[in-house]
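Structure file my_file.tsv with TSV, C-alpha atoms:
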```tsv
chain	number	residue	atom	x	y	z
K	888	MET	CA	146.31	-37.94	179.42
K	889	ASP	CA	147.99	-41.10	178.07
K	890	ALA	CA	151.70	-41.84	178.54
K	891	ALA	CA	152.79	-40.76	175.03
K	892	THR	CA	150.97	-37.41	175.35
K	893	LEU	CA	152.53	-36.92	178.78
K	894	ARG	CA	156.03	-37.48	177.36
K	895	LEU	CA	155.37	-34.88	174.65
K	896	PHE	CA	154.05	-32.52	177.32
K	897	PHE	CA	157.35	-32.89	179.20
K	898	VAL	CA	159.24	-31.77	176.07
K	899	VAL	CA	157.43	-28.44	176.41
K	900	THR	CA	157.60	-28.10	180.20
K	901	ASP	CA	161.13	-29.46	180.73
K	902	LEU	CA	162.89	-28.37	177.54
K	903	ILE	CA	161.24	-25.39	175.89
K	904	ALA	CA	159.78	-23.58	178.93
K	905	PRO	CA	163.02	-23.27	180.95
K	906	LEU	CA	164.90	-22.27	177.80
K	907	VAL	CA	162.44	-19.42	177.17
K	908	CYS	CA	162.44	-18.52	180.86
K	909	GLY	CA	166.23	-18.25	180.99
K	910	TYR	CA	166.30	-16.08	177.87
K	911	ALA	CA	163.58	-13.81	179.30
K	912	LEU	CA	165.40	-13.46	182.63
K	913	LYS	CA	168.51	-12.32	180.79
K	914	GLN	CA	166.65	-9.83	178.59
K	915	ARG	CA	164.93	-8.30	181.63
K	916	HIS	CA	168.17	-8.35	183.71
K	917	LEU	CA	166.46	-10.29	186.51
K	918	ILE	CA	169.43	-12.56	187.24
K	919	THR	CA	173.16	-12.02	186.87
K	920	GLN	CA	175.80	-14.09	185.11
K	921	ARG	CA	177.17	-15.05	188.53
K	922	THR	CA	173.80	-16.46	189.57
K	923	ASN	CA	173.56	-18.33	186.27
K	924	ASP	CA	177.02	-19.85	186.80
K	925	ARG	CA	175.99	-20.99	190.29
K	926	LEU	CA	172.93	-22.70	188.85
K	927	ILE	CA	175.15	-24.51	186.32
K	928	ARG	CA	177.40	-25.78	189.09
K	929	PHE	CA	174.39	-26.79	191.20
K	930	ASN	CA	173.08	-28.86	188.29
K	931	ILE	CA	176.40	-30.57	187.54
K	932	ILE	CA	177.67	-31.12	191.08
K	933	ILE	CA	174.50	-31.74	193.09
K	934	VAL	CA	171.58	-32.77	190.85
K	935	ASN	CA	173.56	-34.87	188.35
K	936	THR	CA	175.43	-36.65	191.15
K	937	ILE	CA	172.23	-37.68	192.93
K	938	LEU	CA	170.56	-38.72	189.68
K	939	ALA	CA	173.61	-40.79	188.74
K	940	LEU	CA	173.60	-42.52	192.12
K	941	LEU	CA	169.89	-43.35	191.98
K	942	SER	CA	169.84	-44.47	188.33
K	943	PHE	CA	172.98	-46.65	188.48
K	944	TRP	CA	171.68	-48.19	191.71
K	945	VAL	CA	168.91	-49.93	189.73
K	946	LEU	CA	170.72	-50.34	186.39
K	947	PRO	CA	170.09	-53.92	185.16
K	948	LEU	CA	173.43	-55.76	185.32
K	949	THR	CA	172.92	-58.50	182.72
K	950	TRP	CA	175.18	-59.92	180.01
K	951	SER	CA	172.64	-59.04	177.32
K	952	LEU	CA	173.18	-55.35	177.98
K	953	LEU	CA	176.94	-55.38	177.40
K	954	LEU	CA	176.48	-53.77	173.98
K	955	LEU	CA	174.78	-50.72	175.47
K	956	PRO	CA	177.84	-49.21	177.17
K	957	LEU	CA	179.87	-49.91	174.03
K	958	PHE	CA	177.40	-47.95	171.94
K	959	GLY	CA	177.15	-45.32	174.68
K	960	PHE	CA	180.91	-44.74	174.46
K	961	TYR	CA	180.87	-44.92	170.65
K	962	LEU	CA	178.17	-42.24	170.38
K	963	VAL	CA	180.47	-39.85	172.25
K	964	LEU	CA	184.01	-40.83	171.21
K	965	PHE	CA	183.44	-41.37	167.48
K	966	PRO	CA	181.87	-37.97	166.67
K	967	GLY	CA	184.32	-36.31	169.06
K	968	GLY	CA	187.30	-37.95	167.38
K	969	VAL	CA	186.08	-37.24	163.85
K	970	GLY	CA	185.12	-33.69	164.81
K	971	TYR	CA	188.56	-33.04	166.25
K	972	LEU	CA	190.59	-34.66	163.46
K	973	LEU	CA	188.67	-33.23	160.51
K	974	PHE	CA	187.47	-29.87	161.80
K	975	ALA	CA	188.35	-28.70	165.34
K	976	ARG	CA	192.14	-28.84	165.10
K	977	ARG	CA	191.98	-26.39	162.21
K	978	LEU	CA	190.65	-23.76	164.62
K	979	PRO	CA	193.59	-21.68	165.91
K	980	ASP	CA	191.84	-20.53	169.10
K	981	TYR	CA	191.72	-23.19	171.82
K	982	LEU	CA	188.51	-21.64	173.19
K	983	ASP	CA	186.84	-22.37	169.84
K	984	ARG	CA	188.47	-25.78	169.58
K	985	GLY	CA	187.29	-26.92	173.01
K	986	ALA	CA	183.73	-25.70	172.37
K	987	TYR	CA	183.64	-27.47	169.00
K	988	VAL	CA	184.81	-30.81	170.42
K	989	ALA	CA	182.34	-30.61	173.33
K	990	SER	CA	179.52	-29.91	170.84
K	991	ALA	CA	180.61	-32.83	168.67
K	992	MET	CA	180.94	-35.31	171.55
K	993	LEU	CA	177.82	-34.57	173.58
K	994	ALA	CA	174.39	-35.34	172.11
K	995	ASN	CA	170.97	-34.85	173.67
K	996	LEU	CA	170.40	-38.57	174.21
K	997	GLY	CA	168.44	-38.60	177.45
K	998	THR	CA	165.89	-35.85	176.83
K	999	LEU	CA	165.12	-35.58	173.12
K	1000	GLY	CA	166.43	-39.02	172.24
K	1001	GLY	CA	164.45	-40.60	175.07
K	1002	VAL	CA	161.19	-38.90	174.14
K	1003	CYS	CA	161.55	-39.70	170.43
K	1004	ALA	CA	162.37	-43.35	171.14
K	1005	PHE	CA	159.36	-43.52	173.49
K	1006	ILE	CA	157.04	-42.14	170.80
K	1007	LEU	CA	158.19	-44.85	168.38
K	1008	TYR	CA	158.85	-47.82	170.67
K	1009	ASN	CA	157.11	-47.06	173.99
K	1010	GLU	CA	158.78	-47.96	177.29
K	1011	GLU	CA	161.29	-50.34	175.71
K	1012	GLY	CA	162.78	-47.65	173.48
K	1013	PHE	CA	162.84	-45.14	176.32
K	1014	ALA	CA	164.63	-47.58	178.65
K	1015	TYR	CA	167.31	-48.26	176.04
K	1016	THR	CA	168.00	-44.54	175.62
K	1017	GLN	CA	168.40	-44.02	179.36
K	1018	LEU	CA	170.83	-46.93	179.66
K	1019	ILE	CA	172.91	-45.80	176.67
K	1020	GLY	CA	172.80	-42.16	177.73
K	1021	ALA	CA	174.03	-43.00	181.23
K	1022	PHE	CA	177.44	-43.87	179.82
K	1023	GLN	CA	177.70	-40.47	178.14
K	1024	ASN	CA	177.81	-39.01	181.66
K	1025	VAL	CA	180.85	-41.17	182.41
K	1026	LEU	CA	182.71	-39.66	179.46
K	1027	LEU	CA	181.47	-36.18	180.35
K	1028	CYS	CA	183.49	-36.50	183.56
K	1029	LEU	CA	186.43	-38.50	182.22
K	1030	VAL	CA	186.94	-36.91	178.77
K	1031	VAL	CA	184.93	-33.74	178.12
K	1032	PHE	CA	185.67	-31.89	181.36
K	1033	PRO	CA	189.42	-32.69	181.28
K	1034	TYR	CA	189.71	-31.69	177.61
K	1035	ALA	CA	187.78	-28.47	178.26
K	1036	ARG	CA	190.15	-27.74	181.15
K	1037	PHE	CA	193.14	-28.44	178.89
K	1038	CYS	CA	191.83	-26.02	176.24
K	1039	GLN	CA	191.15	-23.39	178.89
K	1040	ARG	CA	194.74	-23.60	180.12
K	1041	LYS	CA	196.17	-23.56	176.58
K	1042	ALA	CA	194.14	-20.48	175.71
K	1043	ALA	CA	195.38	-18.78	178.87
K	1044	GLY	CA	198.98	-19.61	177.96
K	1045	LEU	CA	199.67	-21.76	180.99
K	1046	ALA	CA	202.72	-23.83	180.14
K	1047	ALA	CA	202.74	-27.37	181.51
K	1048	GLU	CA	206.45	-27.16	182.37
K	1049	HIS	CA	205.71	-24.52	185.00
K	1050	ARG	CA	203.43	-26.85	186.90
K	1051	SER	CA	203.86	-30.28	188.41
K	1052	ARG	CA	202.45	-33.19	186.47
K	1053	LEU	CA	200.54	-34.31	189.56
K	1054	ARG	CA	198.86	-30.90	189.82
K	1055	ASP	CA	197.95	-31.05	186.10
K	1056	LEU	CA	196.20	-34.38	186.62
K	1057	ARG	CA	194.43	-33.14	189.74
K	1058	ASP	CA	193.12	-30.03	187.98
K	1059	MET	CA	191.79	-32.12	185.08
K	1060	PHE	CA	190.28	-35.08	186.90
K	1061	LEU	CA	189.87	-34.30	190.60
K	1062	THR	CA	187.47	-31.37	190.75
K	1063	PRO	CA	183.91	-30.99	192.08
K	1064	ASN	CA	182.69	-31.22	188.47
K	1065	GLN	CA	183.56	-34.93	188.55
K	1066	MET	CA	181.31	-35.66	191.53
K	1067	CYS	CA	178.81	-37.22	189.12
K	1068	LEU	CA	181.31	-40.03	188.55
K	1069	VAL	CA	181.37	-40.70	192.31
K	1070	GLY	CA	177.59	-41.05	192.23
K	1071	MET	CA	177.80	-43.55	189.37
K	1072	ILE	CA	180.43	-45.67	191.13
K	1073	LEU	CA	178.55	-45.66	194.43
K	1074	GLY	CA	175.32	-46.62	192.67
K	1075	LEU	CA	177.03	-49.51	190.87
K	1076	VAL	CA	178.61	-50.76	194.10
K	1077	LEU	CA	175.26	-50.77	195.90
K	1078	ASN	CA	173.70	-52.47	192.87
K	1079	ALA	CA	176.38	-55.17	192.63
K	1080	CYS	CA	176.18	-55.83	196.38
K	1081	GLY	CA	172.47	-56.54	196.08
K	1082	VAL	CA	171.35	-53.58	198.19
K	1083	ALA	CA	167.82	-52.73	197.05
K	1084	ARG	CA	167.07	-49.10	196.39
K	1085	PRO	CA	164.31	-47.96	198.78
K	1086	ALA	CA	160.96	-47.50	197.06
K	1087	ALA	CA	160.71	-43.97	198.48
K	1088	PHE	CA	163.59	-42.90	196.21
K	1089	GLY	CA	161.46	-43.54	193.10
K	1090	PRO	CA	159.37	-40.34	193.45
K	1091	VAL	CA	162.53	-38.46	194.49
K	1092	PHE	CA	164.22	-39.53	191.26
K	1093	GLN	CA	161.23	-38.47	189.14
K	1094	SER	CA	161.17	-35.05	190.81
K	1095	LEU	CA	164.91	-34.59	190.38
K	1096	VAL	CA	164.62	-35.33	186.65
K	1097	HIS	CA	162.40	-32.27	186.27
K	1098	ILE	CA	164.54	-30.16	188.62
K	1099	GLY	CA	167.61	-31.23	186.65
K	1100	ALA	CA	165.95	-30.28	183.37
K	1101	TRP	CA	165.16	-26.79	184.64
K	1102	SER	CA	168.57	-26.26	186.30
K	1103	ALA	CA	170.22	-27.33	183.03
K	1104	MET	CA	167.98	-25.64	180.46
K	1105	LEU	CA	167.40	-22.29	182.18
K	1106	PRO	CA	171.14	-21.39	182.17
K	1107	VAL	CA	171.31	-22.36	178.48
K	1108	GLY	CA	168.44	-19.98	177.73
K	1109	PHE	CA	170.33	-17.28	179.64
K	1110	LEU	CA	173.42	-17.91	177.49
K	1111	LEU	CA	171.62	-17.86	174.13
K	1112	SER	CA	172.46	-14.98	171.82
K	1113	PHE	CA	170.74	-14.93	168.43
K	1114	GLY	CA	173.21	-12.34	167.14
K	1115	ALA	CA	176.13	-14.59	168.09
K	1116	ALA	CA	174.29	-17.55	166.55
K	1117	ARG	CA	174.17	-15.78	163.19
K	1118	ARG	CA	177.91	-15.09	163.42
K	1119	ASN	CA	178.72	-18.72	164.23
K	1120	LEU	CA	176.50	-20.41	161.63
K	1121	GLY	CA	179.40	-20.97	159.25
K	1122	ARG	CA	181.45	-22.72	161.92
K	1123	ILE	CA	178.81	-25.28	162.77
K	1124	ARG	CA	177.95	-26.44	159.24
K	1125	SER	CA	180.44	-29.27	159.68
K	1126	LEU	CA	178.77	-30.15	163.00
K	1127	THR	CA	175.37	-30.50	161.34
K	1128	PHE	CA	176.95	-32.75	158.68
K	1129	LEU	CA	178.62	-34.80	161.41
K	1130	ARG	CA	175.44	-35.17	163.47
K	1131	PHE	CA	172.82	-35.70	160.76
K	1132	VAL	CA	174.69	-37.41	157.90
K	1133	LEU	CA	177.93	-39.11	158.96
K	1134	MET	CA	176.78	-40.44	162.35
K	1135	PRO	CA	173.54	-42.16	161.24
K	1136	VAL	CA	175.20	-43.72	158.18
K	1137	VAL	CA	178.17	-45.13	160.09
K	1138	THR	CA	175.97	-46.21	163.02
K	1139	TYR	CA	173.59	-48.08	160.70
K	1140	LEU	CA	176.52	-49.95	159.11
K	1141	ILE	CA	177.85	-50.91	162.57
K	1142	ALA	CA	174.53	-51.73	164.27
K	1143	LYS	CA	172.92	-53.75	161.48
K	1144	PRO	CA	175.22	-56.83	161.76
K	1145	LEU	CA	175.74	-56.55	165.54
K	1146	VAL	CA	172.25	-55.88	166.95
K	1147	ALA	CA	169.54	-58.44	166.22
K	1148	ASP	CA	166.76	-56.71	168.17
K	1149	PRO	CA	165.14	-54.23	165.74
K	1150	VAL	CA	163.88	-51.96	168.52
K	1151	LEU	CA	167.35	-51.64	170.05
K	1152	ARG	CA	168.96	-51.23	166.62
K	1153	HIS	CA	166.53	-48.48	165.57
K	1154	THR	CA	166.86	-46.78	168.95
K	1155	ILE	CA	170.64	-46.64	168.54
K	1156	ILE	CA	170.21	-45.10	165.08
K	1157	ILE	CA	167.79	-42.50	166.48
K	1158	LEU	CA	170.34	-41.61	169.17
K	1159	SER	CA	173.11	-41.29	166.59
K	1160	CYS	CA	171.18	-38.38	164.99
K	1161	CYS	CA	170.51	-36.51	168.23
K	1162	PRO	CA	171.40	-32.80	168.34
K	1163	THR	CA	174.07	-31.15	170.47
K	1164	ALA	CA	173.43	-31.62	174.18
K	1165	ILE	CA	172.68	-29.05	176.84
K	1166	ASN	CA	175.80	-30.21	178.68
K	1167	ALA	CA	177.98	-29.04	175.79
K	1168	VAL	CA	176.83	-25.47	176.44
K	1169	LEU	CA	177.16	-25.85	180.21
K	1170	SER	CA	180.66	-27.34	179.88
K	1171	THR	CA	181.90	-24.46	177.73
K	1172	ARG	CA	180.55	-21.94	180.22
K	1173	LEU	CA	182.00	-23.87	183.15
K	1174	TYR	CA	185.50	-23.73	181.61
K	1175	LYS	CA	185.11	-20.32	179.93
K	1176	LEU	CA	185.40	-21.59	176.35
K	1177	ASN	CA	183.46	-20.19	173.35
K	1178	VAL	CA	179.94	-20.46	174.75
K	1179	ASP	CA	178.41	-18.82	171.67
K	1180	LEU	CA	179.72	-21.57	169.38
K	1181	ALA	CA	178.31	-24.35	171.56
K	1182	ALA	CA	175.01	-22.49	172.08
K	1183	THR	CA	174.66	-21.97	168.32
K	1184	SER	CA	175.25	-25.67	167.72
K	1185	PHE	CA	172.67	-26.54	170.38
K	1186	LEU	CA	170.11	-24.11	168.95
K	1187	VAL	CA	170.51	-24.98	165.26
K	1188	THR	CA	170.84	-28.76	165.60
K	1189	THR	CA	167.93	-28.98	168.04
K	1190	ALA	CA	165.67	-26.98	165.71
K	1191	ALA	CA	166.73	-29.12	162.73
K	1192	TYR	CA	166.14	-32.33	164.69
K	1193	LEU	CA	162.64	-31.35	165.78
K	1194	VAL	CA	161.53	-29.92	162.43
K	1195	VAL	CA	163.26	-32.22	159.91
K	1196	ILE	CA	165.28	-35.14	161.26
K	1197	PHE	CA	162.84	-36.78	163.67
K	1198	PRO	CA	159.82	-36.49	161.32
K	1199	VAL	CA	161.91	-38.32	158.69
K	1200	LEU	CA	162.94	-40.98	161.21
K	1201	PHE	CA	159.34	-41.33	162.35
K	1202	PHE	CA	158.16	-42.33	158.88
K	1203	LEU	CA	161.20	-44.50	158.14
K	1204	MET	CA	161.22	-46.46	161.43
K	1205	LYS	CA	157.66	-46.60	162.72
```
Just give me the structure as structure tokens.
Amino acid sequence: MDAATLRLFFVVTDLIAPLVCGYALKQRHLITQRTNDRLIRFNIIIVNTILALLSFWVLPLTWSLLLLPLFGFYLVLFPGGVGYLLFARRLPDYLDRGAYVASAMLANLGTLGGVCAFILYNEEGFAYTQLIGAFQNVLLCLVVFPYARFCQRKAAGLAAEHRSRLRDLRDMFLTPNQMCLVGMILGLVLNACGVARPAAFGPVFQSLVHIGAWSAMLPVGFLLSFGAARRNLGRIRSLTFLRFVLMPVVTYLIAKPLVADPVLRHTIIILSCCPTAINAVLSTRLYKLNVDLAATSFLVTTAAYLVVIFPVLFFLMK
């Protein structure tokens, strides 16, 4: 089995299989919602933290890669800002608003984006996606989780004046859900200090990628509701426009004059079209927002990306 075929095989084993498994476990009542929530927290607090530590430990720290974090932040903040200003703030319910913004900000860069870039541009494209996607995890901790917490409190009617400002900041930024950020910082410190990552951690990292995929995707499958998806289709039309029309057009206009390397430029454009991320669904469940809205966005945009968007990109950019 060659490398490209193996990557496609992982799409089935690490993306589709756990999704189907989670849905089947729910239908057969084999696990409870409490168990599913524990698996979500295990993925975010334990697996993601270790993966962040190991990946940032060997992240190439060169001047030529300075554009990658900028585009990593742009691919989260721009759609999140546009989604909030044009669409989310019109939603009266903060549970809906928080779920919409999370779905707009978080794209499936590492899994789907990485595989698609690999198919087109081999290892170089895949490496670029992992580097860019790493910075999405920074904003997941620093922006998405705090905003989701804010929306959760607003929906519950918790007035800020009844709480100390210090406690507000602690509840938004200093929780176990931000442990991933600690892993990133520790990895960067070890990297900058010239401490080589032991070779034995390579296989550990590869194994944790698959464990992380299952511990992320299985809970999403458990949370999927096709009836709720039909009810939320109207609400996510603007999200599909944002993901598949506005983002690639604006990204092309920005990347064309700034990025000389065609592989990097095309990889960034591919990532700009990526569907809603798994972490958007997990974040909404973690903070008790409208999970159905985020799950519908994940389901619909992922299906559209696999069936329509990537085939078009494949013929335009190969």
Tell me which protein, DNA and RNA residues are within 12 Å of region 1001-1016 of chain K, counting only C-alpha atoms, leaving out same-chain ones fewer than 6 positions away, and put them as a count of residues only. 53
Please write out, as JSON, where the centre of an axis-aligned box around all listed atoms of region 1087-1098 of chain K lies and how long its edges are, in Å to one decimal, after adding 8 Å on each side.
```
{"center_x": 162.1, "center_y": -37.1, "center_z": 192.4, "size_x": 21.5, "size_y": 29.8, "size_z": 28.2}
```
Find the spatial neighbours of region 908-912 of chain K, counting all atoms listed in the file, within a cut-off of 8 Å - ignore same-chain residues fewer than 6 positions away - and output them as a VMD selection string. chain K and resid 918 1104 to 1111
Now that the selection is made, can you save its residues with C-alpha atoms as a JSON list (two decimals), keeping the file's coordinate frame?
```
[["chain", "number", "residue", "atom", "x", "y", "z"],
["K", 918, "ILE", "CA", 169.43, -12.56, 187.24],
["K", 1104, "MET", "CA", 167.98, -25.64, 180.46],
["K", 1105, "LEU", "CA", 167.40, -22.29, 182.18],
["K", 1106, "PRO", "CA", 171.14, -21.39, 182.17],
["K", 1107, "VAL", "CA", 171.31, -22.36, 178.48],
["K", 1108, "GLY", "CA", 168.44, -19.98, 177.73],
["K", 1109, "PHE", "CA", 170.33, -17.28, 179.64],
["K", 1110, "LEU", "CA", 173.42, -17.91, 177.49],
["K", 1111, "LEU", "CA", 171.62, -17.86, 174.13]]
```
With only C-alpha atoms as the atoms that count, which of K:Trp1101, K:Phe1088, K:Tyr1139, K:Tyr1174 lies nearest to Leu938 (chain K)?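 For Leu938 (chain K), the nearest of the given residues is K:Phe1088.
The point (175.9, -34.2, 169.2) has these residues within 8 Å of it when all atoms listed in the file are used: K:Val963, K:Pro966, K:Ser990, K:Ala991, K:Met992, K:Leu993, K:Ala994, K:Asn995, K:Leu1126, K:Arg1130, K:Cys1160, K:Cys1161, K:Pro1162, K:Thr1163, K:Ala1164.
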File dump, residues just selected, C-alpha atoms, as a short mmCIF file (atom, residue, chain, number, x, y, z; two decimals), in the frame of the given file:
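See part21.cif below for the written result:
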```cif
data_model
loop_
_atom_site.label_atom_id
_atom_site.label_comp_id
_atom_site.auth_asym_id
_atom_site.auth_seq_id
_atom_site.Cartn_x
_atom_site.Cartn_y
_atom_site.Cartn_z
CA VAL K 963 180.47 -39.85 172.25
CA PRO K 966 181.87 -37.97 166.67
CA SER K 990 179.52 -29.91 170.84
CA ALA K 991 180.61 -32.83 168.67
CA MET K 992 180.94 -35.31 171.55
CA LEU K 993 177.82 -34.57 173.58
CA ALA K 994 174.39 -35.34 172.11
CA ASN K 995 170.97 -34.85 173.67
CA LEU K 1126 178.77 -30.15 163.00
CA ARG K 1130 175.44 -35.17 163.47
CA CYS K 1160 171.18 -38.38 164.99
CA CYS K 1161 170.51 -36.51 168.23
CA PRO K 1162 171.40 -32.80 168.34
CA THR K 1163 174.07 -31.15 170.47
CA ALA K 1164 173.43 -31.62 174.18
#
```
Could you tell me which of K:Cys1067, K:Ala975, K:Ala1083, K:Val969 comes closest to Met1134 (chain K) if we count all atoms listed in the file? K:Val969
Give the answer as one residue: which of K:Ala1086, K:Val1096, K:Leu1129, K:Ile932 has the shortest atom-to-atom distance to Leu973 (chain K), using only C-alpha atoms?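 Result for the nearest residue to Leu973 (chain K): K:Leu1129.
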Nearest to Thr1188 (chain K): which of K:Phe929, K:Ser1170, K:Thr922, K:Phe1128 is it, counting only C-alpha atoms?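 Distance minimum relative to Thr1188 (chain K) lands on K:Phe1128.
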